[in-house]
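See below for input_36.cif, which holds mmCIF, C-alpha atoms.
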data_run
#
loop_
_atom_site.label_atom_id
_atom_site.label_comp_id
_atom_site.auth_asym_id
_atom_site.auth_seq_id
_atom_site.Cartn_x
_atom_site.Cartn_y
_atom_site.Cartn_z
CA MET A 7 56.89 48.51 8.79
CA GLU A 8 58.56 47.10 11.94
CA GLY A 9 57.73 50.25 13.87
CA SER A 10 54.16 50.56 12.59
CA SER A 11 51.23 50.21 14.96
CA ASP A 12 49.21 47.01 15.08
CA GLY A 13 46.30 48.79 13.39
CA VAL A 14 48.44 49.79 10.39
CA ILE A 15 49.78 46.26 9.98
CA VAL A 16 46.35 44.66 10.32
CA ALA A 17 45.05 47.01 7.60
CA ARG A 18 47.90 45.92 5.30
CA VAL A 19 47.15 42.25 5.87
CA LEU A 20 43.46 42.84 5.16
CA ARG A 21 44.45 44.51 1.89
CA GLY A 22 46.10 41.24 0.87
CA ASP A 23 49.69 41.77 2.09
CA VAL A 24 50.16 38.36 3.74
CA ASP A 25 53.83 38.98 4.56
CA ALA A 26 52.91 41.93 6.80
CA PHE A 27 51.48 39.36 9.22
CA ARG A 28 55.05 38.22 9.95
CA VAL A 29 55.63 41.50 11.81
CA LEU A 30 52.76 40.67 14.18
CA VAL A 31 54.09 37.13 14.67
CA ASN A 32 57.51 38.54 15.50
CA ARG A 33 56.02 41.16 17.83
CA TYR A 34 53.93 38.83 20.01
CA ARG A 35 55.63 35.42 19.67
CA ASP A 36 58.02 35.61 22.63
CA LYS A 37 55.68 37.52 24.91
CA TYR A 38 52.87 35.00 24.57
CA ALA A 39 55.11 31.91 24.42
CA ARG A 40 55.70 32.48 28.13
CA TYR A 41 52.01 32.17 29.00
CA ALA A 42 51.50 29.13 26.75
CA PHE A 43 54.59 27.43 28.17
CA HIS A 44 53.56 27.97 31.79
CA MET A 45 50.00 26.95 31.05
CA LEU A 46 50.83 23.76 29.13
CA GLY A 47 54.14 22.81 30.75
CA ASN A 48 56.24 22.04 27.70
CA ARG A 49 57.55 23.77 24.61
CA GLU A 50 56.00 21.45 22.07
CA ASP A 51 52.42 22.04 23.22
CA ALA A 52 53.10 25.73 23.85
CA GLU A 53 54.27 26.25 20.27
CA GLU A 54 51.34 24.28 18.92
CA ALA A 55 48.87 26.47 20.85
CA LEU A 56 50.70 29.63 19.82
CA GLN A 57 50.83 28.67 16.15
CA ASP A 58 47.17 27.73 16.25
CA ALA A 59 46.31 31.08 17.84
CA PHE A 60 48.20 33.04 15.16
CA THR A 61 46.59 31.02 12.36
CA ARG A 62 43.10 31.52 13.76
CA ALA A 63 43.77 35.21 14.30
CA TYR A 64 44.81 35.55 10.66
CA ARG A 65 41.73 33.70 9.44
CA SER A 66 39.39 35.88 11.52
CA LEU A 67 41.33 39.12 11.18
CA ALA A 68 38.43 40.96 9.55
CA ARG A 69 36.52 40.37 12.77
CA CYS A 70 39.16 42.00 14.99
CA GLU A 71 37.07 44.77 16.54
CA ASP A 72 39.95 47.05 17.47
CA PRO A 73 43.02 46.38 15.28
CA GLU A 74 45.13 48.72 17.43
CA ARG A 75 44.61 46.20 20.24
CA PHE A 76 45.43 43.19 18.09
CA GLY A 77 47.72 41.84 20.84
CA ALA A 78 44.93 41.70 23.43
CA TRP A 79 42.63 40.01 20.90
CA LEU A 80 45.32 37.48 20.01
CA PHE A 81 45.91 36.76 23.70
CA ARG A 82 42.21 35.99 24.13
CA ILE A 83 42.41 33.46 21.32
CA LEU A 84 45.59 31.97 22.83
CA VAL A 85 43.96 31.55 26.25
CA ASN A 86 41.17 29.59 24.57
CA ARG A 87 43.61 27.47 22.56
CA CYS A 88 45.57 26.64 25.71
CA ARG A 89 42.34 25.53 27.38
CA THR A 90 41.44 23.29 24.45
CA LEU A 91 44.92 21.83 24.10
CA GLY A 92 45.27 21.42 27.85
CA ALA A 93 41.99 19.50 28.01
CA ARG A 94 43.08 17.26 25.14
CA ARG A 95 46.45 16.71 26.79
CA GLY A 96 44.71 15.89 30.07
CA ARG A 97 42.64 13.26 28.33
CA ARG A 98 45.71 11.47 27.08
CA ALA A 99 47.18 11.64 30.62
CA ARG A 100 50.48 13.06 29.54
CA THR A 101 53.06 13.41 32.25
CA PHE A 102 54.85 16.66 32.82
CA VAL A 103 58.02 16.93 30.81
CA VAL A 104 60.58 19.52 31.73
CA ASP A 105 61.65 21.53 28.72
CA GLU A 106 65.35 20.85 28.30
CA GLY A 107 65.96 23.73 25.94
CA ALA A 108 64.50 26.17 28.41
CA ILE A 109 66.63 24.82 31.21
CA LEU A 110 69.81 25.02 29.17
CA GLU A 111 68.97 28.57 28.15
CA ALA A 112 68.13 29.59 31.69
CA ALA A 113 71.27 27.92 33.06
CA GLU A 114 73.44 30.36 31.13
CA ASP A 115 72.02 33.31 33.05
CA HIS A 116 71.27 31.90 36.47
CA PRO A 117 73.06 29.90 39.12
CA ALA A 118 72.05 26.27 39.52
CA GLU A 119 70.00 26.95 42.65
CA ARG A 120 67.92 29.54 40.86
CA ASN A 121 67.35 27.12 38.01
CA ALA A 122 66.28 24.35 40.39
CA TRP A 123 63.88 26.79 42.06
CA ARG A 124 62.29 27.59 38.67
CA GLU A 125 61.96 23.90 37.92
CA GLU A 126 60.14 23.42 41.20
CA ILE A 127 57.82 26.29 40.34
CA ASP A 128 57.10 24.73 36.93
CA ARG A 129 56.35 21.42 38.62
CA GLY A 130 54.11 23.15 41.16
CA LEU A 131 52.22 24.98 38.42
CA GLN A 132 51.53 21.76 36.57
CA GLN A 133 50.06 20.25 39.72
CA LEU A 134 47.41 22.95 39.91
CA ARG A 135 44.02 22.43 38.33
CA ALA A 136 43.99 24.01 34.86
CA ASP A 137 41.42 26.68 35.77
CA GLN A 138 43.41 27.65 38.87
CA ARG A 139 46.66 27.73 36.91
CA GLU A 140 45.08 29.95 34.27
CA ALA A 141 43.73 32.38 36.88
CA PHE A 142 47.05 32.46 38.75
CA LEU A 143 49.10 33.15 35.61
CA LEU A 144 46.77 35.90 34.40
CA LYS A 145 46.82 37.58 37.82
CA TYR A 146 50.41 37.19 38.95
CA VAL A 147 52.42 36.79 35.76
CA GLU A 148 50.42 38.72 33.15
CA ASP A 149 49.57 41.27 35.84
CA MET A 150 45.89 41.61 34.94
CA GLY A 151 43.12 43.05 37.10
CA TYR A 152 40.13 40.88 37.96
CA ASP A 153 37.74 42.82 35.69
CA GLU A 154 40.09 42.35 32.74
CA MET A 155 40.48 38.66 33.57
CA SER A 156 36.71 38.30 33.74
CA GLN A 157 36.28 39.85 30.30
CA LEU A 158 38.99 37.65 28.88
CA THR A 159 37.86 34.35 30.35
CA GLY A 160 34.10 34.86 30.65
CA VAL A 161 34.33 33.79 34.32
CA GLY A 162 32.88 35.91 37.14
CA VAL A 163 35.21 38.02 39.32
CA SER A 164 34.38 36.19 42.56
CA ALA A 165 35.03 32.79 40.96
CA LEU A 166 38.37 34.07 39.64
CA LYS A 167 39.37 35.37 43.07
CA MET A 168 38.57 31.98 44.52
CA ARG A 169 40.67 30.22 41.87
CA VAL A 170 43.64 32.54 42.48
CA MET A 171 43.38 32.06 46.21
CA ARG A 172 43.30 28.27 45.90
CA ALA A 173 46.19 28.33 43.45
CA CYS A 174 48.25 30.42 45.88
CA ASP A 175 47.42 28.12 48.80
CA ARG A 176 48.44 25.07 46.81
CA LEU A 177 51.67 26.63 45.54
CA ARG A 178 52.62 27.71 49.06
CA GLU A 179 51.97 24.21 50.25
CA LEU A 180 54.08 22.70 47.47
CA LEU A 181 56.91 25.21 47.43
CA SER A 182 57.35 26.50 51.00
CA GLU A 183 59.72 23.73 51.92
CA VAL A 184 61.86 24.09 48.81
CA HIS A 185 61.94 27.85 49.14
CA SER A 186 63.06 27.87 52.76
CA ALA A 187 65.70 25.17 52.22
CA MET B 23 61.24 30.39 56.93
CA HIS B 24 60.02 33.04 54.48
CA ASP B 25 56.63 34.64 54.79
CA ASN B 26 53.87 33.56 52.42
CA ASP B 27 53.64 36.83 50.46
CA GLY B 28 57.38 36.66 49.96
CA ILE B 29 57.03 33.25 48.35
CA MET B 30 54.27 34.42 46.00
CA LYS B 31 56.39 37.42 44.96
CA GLU B 32 59.35 35.15 44.34
CA ILE B 33 57.24 32.79 42.26
CA ALA B 34 55.75 35.60 40.20
CA ARG B 35 59.20 37.17 39.66
CA ALA B 36 60.71 33.87 38.55
CA LEU B 37 57.85 33.17 36.14
CA ARG B 38 57.92 36.68 34.65
CA ALA B 39 61.66 36.51 34.13
CA HIS B 40 61.42 33.15 32.40
CA ARG B 41 61.52 33.55 28.61
CA PRO B 42 61.10 30.11 27.08
CA PRO B 43 62.92 30.01 23.74
CA VAL B 44 60.73 29.57 20.69
CA SER B 45 62.00 27.34 17.86
CA ALA B 46 63.94 29.19 15.17
CA SER B 47 61.53 27.81 12.58
CA PHE B 48 58.42 29.06 14.41
CA ASP B 49 57.81 32.21 12.32
CA GLU B 50 58.20 30.26 9.09
CA ARG B 51 55.81 27.55 10.28
CA VAL B 52 53.16 30.14 11.09
CA MET B 53 53.65 31.95 7.79
CA SER B 54 53.44 28.67 5.84
CA ALA B 55 50.17 27.83 7.60
CA VAL B 56 48.86 31.34 6.94
CA ARG B 57 49.79 31.22 3.25
CA ARG B 58 47.75 28.05 2.85
CA LEU B 59 44.65 29.99 3.93
CA PRO B 60 42.63 32.09 1.48
CA PRO B 61 44.14 35.59 1.30
CA HIS B 62 42.18 38.49 2.69
CA SER B 63 40.42 40.44 0.00
CA ARG B 64 38.39 42.93 1.99
CA PHE B 65 39.91 45.92 0.27
CA ARG B 66 41.45 44.27 -2.75
CA LEU B 67 39.24 46.02 -5.34
CA TRP B 68 39.69 49.35 -3.58
CA SER B 69 43.42 48.72 -3.45
CA ARG B 70 43.55 48.01 -7.18
CA LEU B 71 41.63 51.18 -7.93
CA THR B 72 43.78 53.35 -5.68
CA THR B 73 47.23 51.84 -6.32
CA PRO B 74 49.30 54.33 -8.37
CA ARG B 75 50.35 53.01 -11.78
CA THR B 76 52.22 54.33 -14.78
CA VAL B 77 50.00 55.42 -17.66
CA THR B 78 51.44 55.91 -21.15
CA VAL B 79 49.72 58.67 -23.14
CA ILE B 80 48.97 57.48 -26.66
CA PRO B 81 49.14 59.98 -29.57
CA LEU B 82 45.84 61.52 -30.72
CA SER B 83 45.25 59.12 -33.64
CA TRP B 84 45.58 56.14 -31.35
CA GLY B 85 43.34 57.82 -28.81
CA LEU B 86 40.61 58.44 -31.40
CA LEU B 87 40.87 54.90 -32.68
CA ALA B 88 40.66 53.47 -29.16
CA ALA B 89 37.68 55.72 -28.32
CA SER B 90 35.87 54.61 -31.49
CA VAL B 91 36.49 50.95 -30.76
CA ALA B 92 35.30 51.42 -27.16
CA LEU B 93 32.13 53.26 -28.31
CA PHE B 94 31.19 50.55 -30.82
CA ALA B 95 31.98 47.87 -28.26
CA VAL B 96 29.71 49.50 -25.64
CA ILE B 97 26.83 49.91 -28.12
CA GLY B 98 27.32 46.37 -29.40
CA VAL B 99 27.42 44.84 -25.91
CA ALA B 100 24.33 46.80 -24.84
CA ARG B 101 22.33 45.62 -27.86
CA ALA B 102 23.59 42.08 -27.53
CA PHE B 103 22.64 42.10 -23.83
CA ASP B 104 19.09 43.25 -24.70
CA ASP B 105 18.82 40.55 -27.36
CA VAL B 106 20.05 37.84 -25.01
CA GLN B 107 17.58 38.95 -22.33
CA ILE B 108 14.67 38.92 -24.77
CA ALA B 109 15.71 35.53 -26.16
CA THR B 110 16.32 33.80 -22.83
CA LYS B 111 13.39 35.14 -20.79
CA PRO B 112 10.83 32.57 -22.06
CA MET B 113 13.44 29.84 -21.74
CA ILE B 114 14.19 30.70 -18.07
CA THR B 115 10.48 30.94 -17.31
CA ALA B 116 9.92 27.52 -18.88
CA LEU B 117 12.85 25.87 -17.10
CA PHE B 118 12.43 27.54 -13.69
CA PRO B 119 8.77 28.42 -13.25
CA ASN B 120 9.36 29.26 -9.56
CA ALA B 121 12.42 31.41 -10.19
CA ARG B 122 12.13 34.78 -8.47
CA ALA B 123 14.05 37.99 -8.38
CA PRO B 124 16.65 38.32 -5.56
CA GLN B 125 14.90 38.83 -2.25
CA PRO B 126 15.35 42.26 -0.69
CA PRO B 127 16.76 42.59 2.85
CA GLN B 128 14.15 42.57 5.60
CA ARG B 129 13.86 45.10 8.42
CA VAL B 130 14.75 43.38 11.71
CA GLN B 131 14.39 44.94 15.15
CA PHE B 132 17.16 44.17 17.65
CA VAL B 133 16.47 44.90 21.35
CA LEU B 134 18.80 44.68 24.34
CA VAL B 135 18.25 45.75 27.94
CA ALA B 136 21.52 47.25 29.15
CA PRO B 137 20.89 49.89 31.84
CA ASP B 138 24.56 50.80 32.37
CA ALA B 139 25.57 50.93 28.71
CA LYS B 140 26.80 54.09 27.04
CA LYS B 141 26.69 52.59 23.55
CA VAL B 142 25.17 49.49 22.00
CA ALA B 143 25.76 48.23 18.47
CA VAL B 144 24.72 45.12 16.57
CA VAL B 145 27.42 43.13 14.77
CA GLY B 146 26.90 40.10 12.58
CA ASP B 147 27.85 38.35 9.39
CA PHE B 148 25.48 40.75 7.60
CA ASN B 149 27.56 43.85 8.43
CA GLY B 150 31.07 42.36 8.47
CA TRP B 151 31.07 42.28 12.30
CA ASP B 152 31.61 46.02 12.17
CA ALA B 153 30.62 47.65 15.46
CA ASP B 154 30.92 51.09 13.88
CA HIS B 155 28.48 50.41 11.05
CA ALA B 156 26.14 53.40 11.09
CA SER B 157 22.95 51.44 10.31
CA TYR B 158 23.36 49.10 13.26
CA GLN B 159 23.85 51.56 16.14
CA ALA B 160 21.12 51.03 18.74
CA GLN B 161 19.37 54.02 20.30
CA HIS B 162 18.49 54.29 23.98
CA ARG B 163 14.71 54.16 24.27
CA GLY B 164 14.61 54.81 28.02
CA GLY B 165 14.66 52.49 31.00
CA GLY B 166 17.85 50.82 29.85
CA VAL B 167 16.21 49.53 26.67
CA TRP B 168 18.31 49.85 23.50
CA SER B 169 16.97 49.03 20.06
CA VAL B 170 17.63 49.45 16.37
CA THR B 171 15.72 48.34 13.31
CA ALA B 172 18.07 47.56 10.45
CA PRO B 173 18.11 45.69 7.14
CA VAL B 174 19.25 42.05 7.18
CA PRO B 175 19.35 39.82 4.08
CA VAL B 176 17.05 36.81 3.93
CA GLY B 177 18.79 33.69 5.26
CA HIS B 178 20.59 32.27 8.29
CA HIS B 179 22.76 34.67 10.30
CA ARG B 180 24.96 34.94 13.38
CA TYR B 181 25.08 38.13 15.36
CA SER B 182 25.82 39.68 18.72
CA PHE B 183 25.52 42.97 20.58
CA VAL B 184 28.64 44.99 21.38
CA VAL B 185 28.24 47.12 24.51
CA ASP B 186 30.51 50.13 24.97
CA ASP B 187 32.80 48.96 22.16
CA SER B 188 34.25 46.18 24.28
CA LEU B 189 31.78 43.69 25.74
CA TRP B 190 30.16 41.15 23.41
CA VAL B 191 26.70 40.15 24.61
CA ALA B 192 24.59 37.43 22.97
CA ASP B 193 20.93 38.22 22.40
CA PRO B 194 19.16 36.75 25.47
CA THR B 195 16.03 36.12 23.39
CA ALA B 196 17.70 34.13 20.60
CA PRO B 197 19.30 30.69 20.28
CA ARG B 198 23.07 30.65 20.74
CA VAL B 199 25.85 29.24 18.63
CA VAL B 200 29.33 28.82 20.10
CA ASP B 201 32.07 30.29 17.98
CA ASN B 202 34.99 27.87 18.23
CA ASP B 203 37.61 30.49 17.44
CA PHE B 204 36.84 32.62 20.46
CA GLY B 205 34.87 30.38 22.80
CA VAL B 206 32.11 33.00 22.97
CA ALA B 207 28.50 32.44 22.07
CA ASN B 208 26.90 34.40 19.26
CA SER B 209 23.18 34.45 18.58
CA ALA B 210 21.57 32.75 15.63
CA MET B 211 18.57 33.88 13.60
CA VAL B 212 16.73 33.08 10.38
CA VAL B 213 15.34 35.97 8.36
CA GLN B 214 12.48 35.09 6.06
CA GLU B 215 10.89 37.12 3.32
CA GLN B 216 7.65 38.79 4.37
CA LYS B 217 4.70 37.65 2.29
#
Serialized structure, structure tokens:
Amino acid sequence: MEGSSDGVIVARVLRGDVDAFRVLVNRYRDKYARYAFHMLGNREDAEEALQDAFTRAYRSLARCEDPERFGAWLFRILVNRCRTLGARRGRRARTFVVDEGAILEAAEDHPAERNAWREEIDRGLQQLRADQREAFLLKYVEDMGYDEMSQLTGVGVSALKMRVMRACDRLRELLSEVHSA
Amino acid sequence: MHDNDGIMKEIARALRAHRPPVSASFDERVMSAVRRLPPHSRFRLWSRLTTPRTVTVIPLSWGLLAASVALFAVIGVARAFDDVQIATKPMITALFPNARAPQPPQRVQFVLVAPDAKKVAVVGDFNGWDADHASYQAQHRGGGVWSVTAPVPVGHHRYSFVVDDSLWVADPTAPRVVDNDFGVANSAMVVQEQK
């Protein structure tokens, strides 16, 4: 079943095979954890958003229009969960916490300078407005086109371009000095 | 000093390469949460009917006996059902004078103006949100107007248009209800029985 397409697995889950859903969790967990982590800034919130997205996807699975594109549908749910969780987190004025596990893991593969650079990027990202951070991540990290982003977020293309531009300007401002050092 | 595009490329590269570790218990947490939800049963009856199973052939005498028992049971149940209906009809009428037979679905016309569309379908809780449901495929009536008249059960419903199999569009003429799972607005309607 591991090699089956998303559509085949979704059909099995809809027939009552709950355990088949684990294959989808395994398939998309790591890929989408990256977006949630960068969007929310810490592992705890990222995992909460991701778990919530998987649970909601399961509950609404019969409404998945194109089961072969389950991943894209799940990502849409995740983007919405990150918005909701981010707004809630904003209300309780949580400060940015660097994820220690991620740093330890990254430190095994990269020299200290590279790790410090990534920390600065994480800090810079968290200083962006949430809508600008979302647009920036979808464009530059998830490599989406503006039309695709517009469909996903429900925001117009020109507004998204503006958000990306402002995010880039702000990141340049925040990171130029560190980068050139 | 590095150029600006160089910085953006560096940032994007660093973020793409970053794979934050997910807790070892994550899969199990998700599966536990999922198991607490009602299982899907969309095809459960079909699955039961189509799942292969071992059948033991009983000798002829047992077969005849079973057939006889089944025949008498069917006749008995049919007669008993008739008797119960005859006996309870006056009682139901007395207890529920306004009781009526189930209301039949009503014909509802859905209209959307979508000049650039190649395909328009109606999805809703009345057709399992199935954009391929044959009865709910809108036809192009000219001038970008798409419409379909289809049966919808009496009651409250949520629905939406699906344009070109990908874009969900709420009915501009109907009230909207935000779906919290997806952050998109569906349309709401109430279908009443025609008198």
Atomic distance CA of Ala143 (chain B) - CA of Gln131 (chain B), expressed in Å with one decimal |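 So the answer is 12.3 Å.
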Atom pair CA of Leu134 (chain B) + CA of Asp186 (chain B), distance 12.9 Å
I'd like the box whose edges run along x, y and z of the file and which contains every listed atom of region 50-60 of chain B, padded by 3 Å per side; could you state its centre and edge lengths in Å, one decimal, as lines of an AutoDock Vina configuration file?
center_x = 50.4
center_y = 29.8
center_z = 6.3
size_x = 21.6
size_y = 10.5
size_z = 15.6
Evaluate the PyMOL selection byres ((chain A) within 6 of (chain B)) and record the selected residues as an mmCIF file with C-alpha atoms, in the coordinates of the input, following the chain and residue labels used in the document.
data_model
loop_
_atom_site.group_PDB
_atom_site.id
_atom_site.type_symbol
_atom_site.label_atom_id
_atom_site.label_comp_id
_atom_site.auth_asym_id
_atom_site.auth_seq_id
_atom_site.Cartn_x
_atom_site.Cartn_y
_atom_site.Cartn_z
ATOM 1 C CA LEU A 20 43.460 42.840 5.160
ATOM 2 C CA ARG A 21 44.450 44.510 1.890
ATOM 3 C CA GLY A 22 46.100 41.240 0.870
ATOM 4 C CA ARG A 40 55.700 32.480 28.130
ATOM 5 C CA GLN A 57 50.830 28.670 16.150
ATOM 6 C CA THR A 61 46.590 31.020 12.360
ATOM 7 C CA ARG A 69 36.520 40.370 12.770
ATOM 8 C CA ILE A 83 42.410 33.460 21.320
ATOM 9 C CA ALA A 108 64.500 26.170 28.410
ATOM 10 C CA TYR A 146 50.410 37.190 38.950
ATOM 11 C CA VAL A 147 52.420 36.790 35.760
ATOM 12 C CA SER A 186 63.060 27.870 52.760
#
Subject >> Residues matched by the PyMOL selection byres ((chain B and resi 193) around 12) as a VMD selection string >> reply: chain B and resid 131 to 136 143 to 146 168 to 169 180 to 185 190 to 192 194 to 199 207 to 211
Q.
Taking the file as I've supplied it (selection: the PyMOL selection byres ((chain B and resi 215) around 7)), which residues are included? Please answer as a list of chain:residue names.
A. B:Gln128, B:Val176, B:Val213, B:Gln214, B:Gln216, B:Lys217
Within 9 Å of (25.6, 53.3, 15.2) (file coordinates; only C-alpha atoms), which protein or nucleic acid residues are there? I'd like them as a tab-separated table (two decimals) with C-alpha atoms, keeping the file's coordinate frame.
chain	number	residue	atom	x	y	z
B	141	LYS	CA	26.69	52.59	23.55
B	142	VAL	CA	25.17	49.49	22.00
B	143	ALA	CA	25.76	48.23	18.47
B	144	VAL	CA	24.72	45.12	16.57
B	153	ALA	CA	30.62	47.65	15.46
B	154	ASP	CA	30.92	51.09	13.88
B	155	HIS	CA	28.48	50.41	11.05
B	156	ALA	CA	26.14	53.40	11.09
B	157	SER	CA	22.95	51.44	10.31
B	158	TYR	CA	23.36	49.10	13.26
B	159	GLN	CA	23.85	51.56	16.14
B	160	ALA	CA	21.12	51.03	18.74
B	161	GLN	CA	19.37	54.02	20.30
B	170	VAL	CA	17.63	49.45	16.37
| When distances are computed from all atoms listed in the file, which of A:Leu158, A:Val24, A:Ala59, A:Ala173 shows the smallest separation from Ala39 (chain A)? |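 Comparing A:Leu158, A:Val24, A:Ala59, A:Ala173 against Ala39 (chain A), the winner is A:Ala59.
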task = Calculate how many Å separate CA of Ser47 (chain B) from CA of Asp36 (chain A), rounding to one decimal.
result =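 That distance, rounded to one decimal, is 13.2 Å.
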From (47.2, 40.4, 20.7), in the file's coordinates, out to 9 Å: which residues are reached, counting only C-alpha atoms? Answer as a JSON list (two decimals) with C-alpha atoms, keeping the file's coordinate frame.
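Output contents, as saved in result_0.json:
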[["chain", "number", "residue", "atom", "x", "y", "z"],
["A", 12, "ASP", "CA", 49.21, 47.01, 15.08],
["A", 30, "LEU", "CA", 52.76, 40.67, 14.18],
["A", 34, "TYR", "CA", 53.93, 38.83, 20.01],
["A", 38, "TYR", "CA", 52.87, 35.00, 24.57],
["A", 63, "ALA", "CA", 43.77, 35.21, 14.30],
["A", 75, "ARG", "CA", 44.61, 46.20, 20.24],
["A", 76, "PHE", "CA", 45.43, 43.19, 18.09],
["A", 77, "GLY", "CA", 47.72, 41.84, 20.84],
["A", 78, "ALA", "CA", 44.93, 41.70, 23.43],
["A", 79, "TRP", "CA", 42.63, 40.01, 20.90],
["A", 80, "LEU", "CA", 45.32, 37.48, 20.01],
["A", 81, "PHE", "CA", 45.91, 36.76, 23.70],
["A", 82, "ARG", "CA", 42.21, 35.99, 24.13],
["A", 83, "ILE", "CA", 42.41, 33.46, 21.32],
["A", 84, "LEU", "CA", 45.59, 31.97, 22.83]]
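Comparing A:Gly162, A:Tyr41, A:Arg87, A:Phe27 by their smallest distance to Glu54 (chain A), the closest is A:Arg87 (using only C-alpha atoms).
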